[in-house]
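This is data-v8.txt. It holds compact mmCIF, C-alpha atoms.
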```
# COMPACT_ATOMS: atom_id res chain seq x y z
CA MET U 1 -5.83 -34.01 8.20
CA ARG U 2 -7.32 -37.14 6.66
CA THR U 3 -11.04 -37.76 6.80
CA TYR U 4 -13.47 -40.09 5.09
CA GLU U 5 -16.19 -38.39 3.08
CA LEU U 6 -19.22 -39.42 1.09
CA ALA U 7 -18.99 -37.48 -2.15
CA GLY U 8 -20.86 -37.93 -5.40
CA GLY U 9 -23.46 -40.29 -4.00
CA LEU U 10 -24.75 -42.33 -1.06
CA SER U 11 -23.15 -45.77 -0.99
CA LEU U 12 -20.01 -47.44 0.29
CA ASP U 13 -18.54 -47.05 -3.20
CA HIS U 14 -18.63 -43.27 -2.68
CA LEU U 15 -16.82 -43.29 0.69
CA LYS U 16 -13.29 -41.99 0.08
CA ILE U 17 -10.37 -40.49 2.01
CA ALA U 18 -10.04 -36.72 1.63
CA GLU U 19 -7.64 -34.07 2.95
CA ARG U 20 -9.10 -31.21 4.98
CA PRO U 21 -7.62 -28.44 7.18
CA VAL U 22 -7.26 -29.30 10.87
CA PRO U 23 -10.24 -27.63 12.60
CA SER U 24 -9.95 -25.16 15.49
CA PRO U 25 -12.27 -25.13 18.53
CA GLY U 26 -14.59 -22.32 19.59
CA PRO U 27 -14.76 -21.03 23.21
CA ARG U 28 -16.72 -24.02 24.61
CA GLU U 29 -15.29 -26.60 22.24
CA VAL U 30 -12.34 -29.00 22.18
CA ARG U 31 -10.30 -30.51 19.38
CA ILE U 32 -10.00 -34.27 19.69
CA LYS U 33 -7.37 -36.44 18.05
CA LEU U 34 -9.33 -39.62 17.35
CA ARG U 35 -7.72 -42.92 18.32
CA ALA U 36 -10.49 -45.33 17.32
CA VAL U 37 -14.05 -45.39 16.02
CA ALA U 38 -16.59 -48.21 16.31
CA LEU U 39 -19.25 -49.11 13.76
CA ASN U 40 -23.02 -49.46 14.10
CA TYR U 41 -25.67 -50.62 11.63
CA ARG U 42 -26.94 -47.05 11.67
CA ASP U 43 -23.71 -46.00 9.94
CA LEU U 44 -24.58 -48.27 7.02
CA GLY U 45 -28.05 -46.75 6.93
CA VAL U 46 -26.59 -43.25 6.77
CA ILE U 47 -24.10 -44.19 4.07
CA SER U 48 -26.78 -45.88 1.93
CA GLY U 49 -29.22 -42.97 2.26
CA PHE U 50 -31.78 -44.98 4.25
CA TYR U 51 -32.00 -42.37 7.02
CA ALA U 52 -31.42 -39.19 5.02
CA PRO U 53 -31.73 -39.56 1.24
CA ASP U 54 -31.00 -35.83 0.88
CA LEU U 55 -27.90 -35.84 3.11
CA PRO U 56 -25.73 -32.84 2.15
CA LEU U 57 -22.48 -33.94 0.53
CA PRO U 58 -19.59 -34.18 1.14
CA PHE U 59 -20.30 -35.79 4.51
CA THR U 60 -18.21 -37.63 7.13
CA PRO U 61 -20.10 -40.60 8.67
CA VAL U 62 -19.77 -42.77 11.83
CA SER U 63 -21.04 -41.72 15.25
CA ASP U 64 -18.87 -43.55 17.83
CA GLY U 65 -15.28 -42.90 18.74
CA VAL U 66 -12.69 -42.14 21.39
CA GLY U 67 -9.75 -39.79 21.36
CA GLU U 68 -7.46 -37.42 23.21
CA ILE U 69 -8.15 -33.74 23.74
CA VAL U 70 -5.29 -31.83 22.06
CA GLU U 71 -6.71 -28.29 22.08
CA ILE U 72 -9.31 -26.56 24.25
CA GLY U 73 -11.38 -23.42 23.81
CA GLU U 74 -10.87 -20.53 26.21
CA ALA U 75 -14.15 -21.11 28.08
CA VAL U 76 -13.86 -24.90 28.53
CA THR U 77 -14.14 -26.03 32.17
CA ARG U 78 -15.15 -29.72 32.08
CA PHE U 79 -11.96 -31.14 30.54
CA LYS U 80 -8.25 -30.49 30.17
CA LEU U 81 -5.56 -31.24 27.60
CA GLY U 82 -4.72 -34.92 27.40
CA ASP U 83 -8.08 -36.21 28.67
CA ARG U 84 -9.41 -39.27 26.84
CA VAL U 85 -13.04 -38.74 25.90
CA SER U 86 -15.94 -40.00 23.82
CA GLY U 87 -18.69 -37.95 22.28
CA ILE U 88 -22.25 -38.76 23.33
CA PHE U 89 -24.42 -39.82 20.41
CA THR U 90 -27.15 -37.20 20.95
CA GLN U 91 -25.08 -34.12 21.72
CA GLN U 92 -27.90 -32.15 23.37
CA TRP U 93 -29.37 -34.98 25.48
CA LEU U 94 -27.56 -34.49 28.75
CA THR U 95 -30.05 -35.82 31.30
CA GLY U 96 -33.74 -36.49 31.89
CA PRO U 97 -36.21 -37.75 29.28
CA PRO U 98 -35.57 -37.23 25.56
CA GLU U 99 -37.02 -34.24 23.74
CA ARG U 100 -37.90 -34.01 20.07
CA ARG U 101 -35.50 -31.13 19.51
CA TYR U 102 -32.55 -33.34 20.47
CA ALA U 103 -32.93 -35.36 17.25
CA SER U 104 -31.04 -32.72 15.26
CA SER U 105 -27.93 -33.15 17.43
CA THR U 106 -26.93 -36.77 16.70
CA LEU U 107 -23.38 -37.49 15.53
CA GLY U 108 -22.90 -39.17 12.17
CA SER U 109 -26.12 -37.59 10.76
CA PRO U 110 -27.30 -34.95 10.79
CA LEU U 111 -24.15 -33.72 12.55
CA PRO U 112 -20.84 -34.69 10.91
CA GLY U 113 -19.38 -37.96 12.12
CA LEU U 114 -16.06 -39.07 13.56
CA LEU U 115 -14.36 -41.05 10.78
CA ALA U 116 -11.51 -38.53 10.69
CA GLU U 117 -8.19 -37.82 12.37
CA TYR U 118 -9.51 -34.76 14.24
CA VAL U 119 -12.96 -33.53 15.24
CA ILE U 120 -14.40 -30.55 17.14
CA LEU U 121 -17.07 -31.15 19.79
CA ASN U 122 -18.70 -29.06 22.49
CA GLU U 123 -17.47 -29.92 25.98
CA ASN U 124 -21.04 -30.68 27.10
CA GLY U 125 -21.29 -33.44 24.49
CA LEU U 126 -18.38 -35.43 25.95
CA VAL U 127 -17.72 -37.96 28.69
CA SER U 128 -14.49 -39.31 30.13
CA VAL U 129 -14.03 -43.02 29.47
CA PRO U 130 -12.78 -45.64 31.96
CA GLY U 131 -9.00 -45.73 32.05
CA TYR U 132 -8.73 -49.53 32.12
CA LEU U 133 -10.36 -49.90 28.70
CA SER U 134 -8.34 -49.99 25.49
CA ASP U 135 -9.11 -47.43 22.80
CA SER U 136 -10.98 -50.08 20.80
CA GLU U 137 -13.09 -51.03 23.82
CA ALA U 138 -13.81 -47.41 24.73
CA ALA U 139 -14.85 -46.59 21.15
CA ALA U 140 -17.57 -49.24 21.40
CA LEU U 141 -19.42 -47.50 24.24
CA PRO U 142 -21.39 -44.48 22.91
CA CYS U 143 -24.17 -46.18 20.92
CA ALA U 144 -24.10 -49.93 21.58
CA GLY U 145 -23.14 -49.68 25.23
CA VAL U 146 -25.49 -46.84 26.14
CA THR U 147 -28.39 -48.40 24.19
CA ALA U 148 -28.00 -51.65 26.12
CA TRP U 149 -27.63 -49.80 29.44
CA HIS U 150 -30.73 -47.73 28.70
CA ALA U 151 -32.75 -50.85 27.87
CA ILE U 152 -31.51 -53.20 30.59
CA VAL U 153 -30.86 -50.81 33.48
CA SER U 154 -32.32 -47.30 33.08
CA GLU U 155 -35.70 -48.39 31.69
CA GLY U 156 -35.66 -52.17 32.21
CA ARG U 157 -34.52 -52.09 35.83
CA VAL U 158 -33.36 -55.68 35.49
CA LYS U 159 -32.58 -57.25 38.85
CA ALA U 160 -31.23 -60.47 40.31
CA GLY U 161 -33.50 -63.40 39.51
CA ASP U 162 -34.95 -61.89 36.32
CA THR U 163 -34.77 -63.74 33.02
CA VAL U 164 -33.64 -61.72 30.01
CA VAL U 165 -33.73 -62.78 26.36
CA VAL U 166 -31.10 -61.19 24.13
CA GLN U 167 -31.42 -61.51 20.36
CA GLY U 168 -28.21 -62.00 18.43
CA THR U 169 -24.55 -61.39 19.18
CA GLY U 170 -23.91 -57.91 17.82
CA GLY U 171 -22.61 -55.04 19.89
CA VAL U 172 -25.84 -54.00 21.65
CA SER U 173 -26.82 -57.61 22.34
CA LEU U 174 -23.51 -58.56 23.93
CA PHE U 175 -23.51 -55.40 26.07
CA ALA U 176 -27.05 -56.33 27.14
CA LEU U 177 -25.83 -59.82 28.07
CA GLN U 178 -23.00 -58.35 30.14
CA PHE U 179 -25.20 -55.78 31.90
CA ALA U 180 -27.92 -58.32 32.66
CA LYS U 181 -25.37 -60.69 34.20
CA LEU U 182 -23.82 -57.78 36.12
CA HIS U 183 -27.24 -57.34 37.77
CA GLY U 184 -27.71 -61.04 38.55
CA ALA U 185 -30.15 -62.02 35.80
CA THR U 186 -30.48 -65.30 33.92
CA VAL U 187 -29.77 -64.65 30.24
CA ILE U 188 -31.02 -66.51 27.17
CA VAL U 189 -29.28 -65.67 23.88
CA THR U 190 -30.64 -66.42 20.41
CA SER U 191 -28.47 -66.77 17.31
CA SER U 192 -28.36 -68.61 13.99
CA SER U 193 -24.85 -69.89 14.82
CA ASP U 194 -24.03 -72.61 17.33
CA GLU U 195 -20.45 -71.31 17.43
CA LYS U 196 -21.65 -67.83 18.43
CA LEU U 197 -23.99 -69.32 21.01
CA ALA U 198 -21.06 -71.19 22.55
CA ARG U 199 -19.09 -67.93 22.72
CA ALA U 200 -22.07 -66.19 24.32
CA VAL U 201 -22.27 -68.92 26.97
CA ALA U 202 -18.56 -68.44 27.60
CA LEU U 203 -19.34 -64.76 28.25
CA GLY U 204 -21.93 -65.72 30.86
CA ALA U 205 -25.15 -66.56 29.02
CA ASP U 206 -27.12 -69.30 30.75
CA HIS U 207 -28.94 -70.67 27.69
CA GLY U 208 -28.55 -70.48 23.93
CA ILE U 209 -31.25 -71.02 21.29
CA ASN U 210 -30.41 -71.46 17.61
CA TYR U 211 -33.34 -69.78 15.86
CA ARG U 212 -32.37 -71.29 12.50
CA SER U 213 -32.63 -74.90 13.67
CA ASN U 214 -35.39 -73.94 16.13
CA PRO U 215 -37.46 -71.16 14.48
CA ASP U 216 -40.03 -71.38 17.29
CA TRP U 217 -37.50 -69.87 19.66
CA ASP U 218 -40.27 -68.18 21.65
CA GLN U 219 -41.60 -71.63 22.57
CA ALA U 220 -38.11 -72.61 23.66
CA VAL U 221 -38.01 -69.56 25.96
CA LEU U 222 -41.35 -70.58 27.46
CA SER U 223 -40.00 -74.10 27.99
CA ILE U 224 -36.88 -72.79 29.74
CA THR U 225 -39.01 -70.59 32.01
CA ASP U 226 -41.54 -73.33 32.86
CA GLY U 227 -44.23 -71.65 30.77
CA VAL U 228 -43.98 -68.29 32.55
CA GLY U 229 -41.99 -66.35 29.95
CA ALA U 230 -39.03 -64.01 30.25
CA ASP U 231 -39.15 -60.82 32.29
CA HIS U 232 -37.46 -58.84 29.54
CA VAL U 233 -36.77 -59.37 25.83
CA LEU U 234 -34.26 -57.23 23.94
CA ASP U 235 -35.62 -57.13 20.38
CA VAL U 236 -33.15 -56.17 17.66
CA GLY U 237 -34.91 -57.79 14.73
CA GLY U 238 -37.99 -55.60 14.46
CA ALA U 239 -40.65 -56.73 11.99
CA ALA U 240 -39.70 -60.42 11.85
CA THR U 241 -39.11 -60.95 15.56
CA LEU U 242 -41.43 -58.66 17.54
CA ASP U 243 -44.39 -61.06 17.50
CA ARG U 244 -42.25 -63.86 18.93
CA SER U 245 -40.76 -61.47 21.49
CA VAL U 246 -44.28 -60.66 22.68
CA ASN U 247 -45.05 -64.37 22.93
CA ALA U 248 -41.81 -65.08 24.81
CA VAL U 249 -42.26 -62.42 27.50
CA ARG U 250 -44.23 -63.01 30.70
CA THR U 251 -47.47 -61.32 31.69
CA GLY U 252 -46.51 -57.82 32.81
CA GLY U 253 -43.09 -58.15 31.15
CA ARG U 254 -41.16 -55.77 28.95
CA VAL U 255 -39.94 -55.85 25.36
CA SER U 256 -37.25 -53.30 24.56
CA ILE U 257 -37.21 -52.49 20.84
CA VAL U 258 -33.68 -51.44 19.92
CA GLY U 259 -33.36 -52.45 16.26
CA ILE U 260 -35.19 -52.92 12.98
CA LEU U 261 -32.79 -55.28 11.21
CA SER U 262 -35.64 -57.14 9.49
CA GLY U 263 -37.84 -54.13 8.83
CA ALA U 264 -39.69 -51.32 10.56
CA ARG U 265 -43.33 -52.48 10.24
CA ALA U 266 -44.44 -55.44 12.35
CA ASN U 267 -47.56 -56.44 10.44
CA ASN U 268 -47.94 -59.75 12.29
CA LEU U 269 -47.90 -58.29 15.81
CA ASP U 270 -50.73 -59.71 17.93
CA LEU U 271 -52.07 -56.67 19.78
CA ILE U 272 -54.52 -58.87 21.71
CA ALA U 273 -51.56 -60.61 23.32
CA VAL U 274 -50.01 -57.24 24.17
CA LEU U 275 -53.24 -56.14 25.84
CA GLN U 276 -54.05 -59.39 27.62
CA LYS U 277 -50.52 -59.83 28.94
CA LYS U 278 -50.14 -56.11 29.84
CA ILE U 279 -46.78 -56.00 28.10
CA THR U 280 -44.66 -52.87 28.00
CA LEU U 281 -43.25 -52.22 24.53
CA GLN U 282 -40.41 -49.74 25.04
CA GLY U 283 -38.61 -48.04 22.18
CA ILE U 284 -34.94 -47.36 22.96
CA ASN U 285 -32.85 -44.82 21.05
CA VAL U 286 -29.36 -44.77 22.63
CA GLY U 287 -29.48 -42.52 25.75
CA SER U 288 -28.38 -39.41 27.62
CA ARG U 289 -25.01 -38.24 28.89
CA ALA U 290 -26.12 -39.10 32.42
CA MET U 291 -26.82 -42.70 31.33
CA PHE U 292 -23.39 -42.86 29.66
CA GLU U 293 -21.68 -41.70 32.85
CA ALA U 294 -23.66 -44.15 35.02
CA MET U 295 -22.78 -46.97 32.65
CA ASN U 296 -19.09 -46.06 32.78
CA ALA U 297 -19.15 -46.20 36.58
CA ALA U 298 -20.71 -49.67 36.48
CA LEU U 299 -18.24 -50.88 33.84
CA ALA U 300 -15.31 -49.70 35.96
CA ALA U 301 -16.70 -51.23 39.16
CA GLY U 302 -17.25 -54.59 37.46
CA ARG U 303 -14.14 -54.37 35.24
CA VAL U 304 -16.35 -55.31 32.28
CA HIS U 305 -14.64 -55.42 28.88
CA PRO U 306 -16.65 -54.77 25.71
CA VAL U 307 -16.45 -57.56 23.13
CA ILE U 308 -14.42 -56.57 20.07
CA ASP U 309 -14.86 -58.59 16.89
CA SER U 310 -12.06 -57.07 14.83
CA VAL U 311 -9.92 -53.94 14.40
CA PHE U 312 -9.19 -52.47 10.98
CA PRO U 313 -6.62 -49.78 10.14
CA PHE U 314 -7.92 -46.37 9.07
CA GLU U 315 -6.98 -47.05 5.46
CA GLU U 316 -9.33 -50.08 5.42
CA ALA U 317 -12.42 -48.37 6.81
CA VAL U 318 -14.55 -49.41 3.82
CA ASN U 319 -13.57 -53.06 4.39
CA ALA U 320 -14.59 -52.70 8.04
CA LEU U 321 -18.01 -51.41 6.97
CA ARG U 322 -18.35 -54.29 4.51
CA ARG U 323 -17.69 -56.75 7.32
CA LEU U 324 -20.48 -55.09 9.29
CA GLU U 325 -22.70 -55.35 6.23
CA GLN U 326 -22.08 -59.11 6.03
CA GLY U 327 -23.50 -59.60 9.53
CA THR U 328 -21.07 -62.33 10.55
CA HIS U 329 -19.34 -60.39 13.33
CA PHE U 330 -19.39 -61.20 17.06
CA GLY U 331 -19.22 -57.96 19.02
CA LYS U 332 -18.01 -54.60 17.78
CA ILE U 333 -16.04 -53.77 14.64
CA VAL U 334 -13.48 -51.02 15.24
CA ILE U 335 -11.32 -48.79 13.05
CA ALA U 336 -8.01 -47.71 14.58
CA ILE U 337 -6.81 -44.21 13.73
```
Take the structure in the file and write it out as structure tokens.
Amino acid sequence: MRTYELAGGLSLDHLKIAERPVPSPGPREVRIKLRAVALNYRDLGVISGFYAPDLPLPFTPVSDGVGEIVEIGEAVTRFKLGDRVSGIFTQQWLTGPPERRYASSTLGSPLPGLLAEYVILNENGLVSVPGYLSDSEAAALPCAGVTAWHAIVSEGRVKAGDTVVVQGTGGVSLFALQFAKLHGATVIVTSSSDEKLARAVALGADHGINYRSNPDWDQAVLSITDGVGADHVLDVGGAATLDRSVNAVRTGGRVSIVGILSGARANNLDLIAVLQKKITLQGINVGSRAMFEAMNAALAAGRVHPVIDSVFPFEEAVNALRRLEQGTHFGKIVIAI
């Protein structure tokens, strides 16, 4: 089978196609023929060595994908041949709150990833995906979809009448927009592109703020909400945006921290504002299998379609990752296998 491997170093220049034997499943495992994988910024961090500078090589990256079960182990009971499934990001996090020990079971590092023609996964680390979704749409669900669901629904408990601020127009942000609208919220989207803001409004956003032409976007949020602030802010920027997120949220509101695109240390964060406004700062790291299954039920009920930016053939996987690196995409970047 063909697989992509990092060999000889940690960078996109070292990501190459290799030939490996087709793997066989153990008693509780299944062999999946991958149909599509979707990319996340975390994949770039793994490939560059940001997350694990000592990553054992050769290594297959990428955490999100969808495929068909083509072989099952003798003790498998949850699935059958021909089922279309996705792996959950944290293979051991099935339900309930996260535990520290689960961190060693994430796909795409430290566990091998899915940028290959076939993979082996334990049946407990899989979910069925909604039948109405294309392979590209289904591949987008495991990280971006579940992260947004965790933030907006499982922890955020967004409801009709709430105001939600969503930063950017990447995969997590657009899922958050869709889930917030599904629950009846008013959504404000920020972006540096007027074109992307117009597309976000077409998806259902109620307001758009260009943070390049209006860097005081937090003040714009306060203006839109008559000085009250948003109920919930989805922060993907990290260091450069968290202080404004705190300013933009209402007293007693919530800021979900789902990304660190501008850095991991928010040196300018005003802790007095956090205390005085009784703000909840909630870190979100994808989610459990139970969250994934609940999200899939909501997607199917609402016939929600994930937003796909572009689809690259397997042979152009490096070009797909370079498009992600450029940061100009709208929605998810997918590799068809």
Q | Gap from atom CA of Asp13 of chain U to atom CA of Ser192 of chain U - Å, one decimal | A | 29.3 Å
Q) Within 12 Å of (-40.8, -69.6, 15.1), in the coordinates the file gives, what residues turn up when you count all atoms listed in the file, written out as a PyMOL selection string? A) chain U and resi 190+209-221+240-245+247-248
Q. Taking into account all atoms listed in the file, which residue in the set U:Thr163, U:Asn267, U:Ser191, U:Thr169 is nearest to Leu222 of chain U?
A. U:Thr163
Q.
List as a ChimeraX atom specification the protein and nucleic acid residues near Val30 of chain U, meaning an atom at most 7 Å away when all atoms listed in the file are counted, but skip any in the same chain fewer than 3 places from it.
A. /U:25,69,71-73,120-123
Q: Tell me which of U:Val255, U:Leu111, U:Ile279, U:Val22 sits closest to Thr60 of chain U, counting all atoms listed in the file.
A: U:Leu111
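Once only C-alpha atoms are considered, the residues situated within 6 Å of the file point (-9.2, -42.0, 19.7) turn out to be Leu34, Arg35, Ala36, Val66 and Gly67 of chain U.
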**Q.** Closest of U:Gly145, U:Pro23, U:Gly168, U:Gly237 to Ala294 of chain U - atom-to-atom distances counting all atoms listed in the file
**A.**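 Closest candidate: U:Gly145.
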(Q) Please report the interatomic distance between atom CA of Ala300 of chain U and atom CA of Lys33 of chain U in Å with one decimal. (A) 23.7 Å
Q.
Give me, as a PyMOL selection string, all polymer residues having an atom no more than 10 Å from Ala317 of chain U, counting only C-alpha atoms and skipping those fewer than 6 positions away in the same chain.
A. chain U and resi 4+15-17+37+39+115+311+323+334-337
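The spacing separating atom CA of Tyr41 of chain U from atom CA of Ala298 of chain U amounts to 25.4 Å.
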(Q) Set the distance at 12 Å and use only C-alpha atoms: which residues neighbour Arg254 of chain U once local chain neighbours fewer than 3 positions away are removed? I'd like the list as a PyMOL selection string. (A) chain U and resi 151-152+155-158+162-165+229-235+242+245-251+257+274+277-283
Q) Counting all atoms listed in the file, which of U:Gly87, U:Gly170, U:Pro21, U:Gly302 gets nearest to Val258 of chain U? A) U:Gly170
Q. Using all atoms listed in the file, which of U:Asp206, U:Glu137, U:Glu74, U:Glu99 sits nearest Gly331 of chain U?
A. U:Glu137
Q | All residues 9 Å or closer to Gln92 of chain U, only C-alpha atoms, same chain fewer than 6 positions away omitted, as a list in words | A |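 Everything that qualifies: Arg101, Tyr102, Ala103, Ser104, Ser105, Thr106, Asn124, Gly125, Ser288 and Arg289 of chain U.
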Filled-in N, CA and C atoms of segment 311-332 of chain U, supplied as a CSV table (one decimal), keeping the file's coordinate frame:
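Saved the output as result16.csv:
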```csv
chain,number,residue,atom,x,y,z
U,311,VAL,N,-10.4,-55.3,14.5
U,311,VAL,CA,-9.9,-53.9,14.4
U,311,VAL,C,-9.3,-53.8,13.0
U,312,PHE,N,-9.7,-52.8,12.3
U,312,PHE,CA,-9.2,-52.5,11.0
U,312,PHE,C,-8.4,-51.2,11.0
U,313,PRO,N,-7.3,-51.1,10.2
U,313,PRO,CA,-6.6,-49.8,10.1
U,313,PRO,C,-7.5,-48.7,9.4
U,314,PHE,N,-7.2,-47.5,9.6
U,314,PHE,CA,-7.9,-46.4,9.1
U,314,PHE,C,-8.1,-46.5,7.6
U,315,GLU,N,-7.0,-46.9,6.9
U,315,GLU,CA,-7.0,-47.0,5.5
U,315,GLU,C,-8.0,-48.1,4.9
U,316,GLU,N,-8.4,-49.0,5.8
U,316,GLU,CA,-9.3,-50.1,5.4
U,316,GLU,C,-10.7,-49.9,6.0
U,317,ALA,N,-11.1,-48.6,6.2
U,317,ALA,CA,-12.4,-48.4,6.8
U,317,ALA,C,-13.6,-48.9,6.0
U,318,VAL,N,-13.5,-48.9,4.7
U,318,VAL,CA,-14.6,-49.4,3.8
U,318,VAL,C,-14.7,-50.9,4.0
U,319,ASN,N,-13.5,-51.6,4.1
U,319,ASN,CA,-13.6,-53.1,4.4
U,319,ASN,C,-14.2,-53.4,5.7
U,320,ALA,N,-14.0,-52.5,6.7
U,320,ALA,CA,-14.6,-52.7,8.0
U,320,ALA,C,-16.1,-52.6,7.9
U,321,LEU,N,-16.6,-51.6,7.2
U,321,LEU,CA,-18.0,-51.4,7.0
U,321,LEU,C,-18.6,-52.6,6.2
U,322,ARG,N,-17.8,-53.1,5.3
U,322,ARG,CA,-18.4,-54.3,4.5
U,322,ARG,C,-18.5,-55.5,5.4
U,323,ARG,N,-17.6,-55.6,6.4
U,323,ARG,CA,-17.7,-56.8,7.3
U,323,ARG,C,-19.0,-56.6,8.1
U,324,LEU,N,-19.2,-55.3,8.6
U,324,LEU,CA,-20.5,-55.1,9.3
U,324,LEU,C,-21.7,-55.4,8.4
U,325,GLU,N,-21.6,-55.1,7.2
U,325,GLU,CA,-22.7,-55.4,6.2
U,325,GLU,C,-23.0,-56.8,6.1
U,326,GLN,N,-21.9,-57.7,6.2
U,326,GLN,CA,-22.1,-59.1,6.0
U,326,GLN,C,-22.8,-59.7,7.2
U,327,GLY,N,-22.8,-59.1,8.4
U,327,GLY,CA,-23.5,-59.6,9.5
U,327,GLY,C,-22.9,-60.8,10.2
U,328,THR,N,-21.7,-61.1,10.0
U,328,THR,CA,-21.1,-62.3,10.6
U,328,THR,C,-20.2,-62.0,11.8
U,329,HIS,N,-20.2,-60.8,12.2
U,329,HIS,CA,-19.3,-60.4,13.3
U,329,HIS,C,-19.9,-60.9,14.7
U,330,PHE,N,-19.0,-60.9,15.7
U,330,PHE,CA,-19.4,-61.2,17.1
U,330,PHE,C,-18.8,-60.1,17.9
U,331,GLY,N,-19.7,-59.1,18.3
U,331,GLY,CA,-19.2,-58.0,19.0
U,331,GLY,C,-19.0,-56.8,18.1
U,332,LYS,N,-18.2,-55.9,18.5
U,332,LYS,CA,-18.0,-54.6,17.8
U,332,LYS,C,-16.8,-54.6,16.8
```
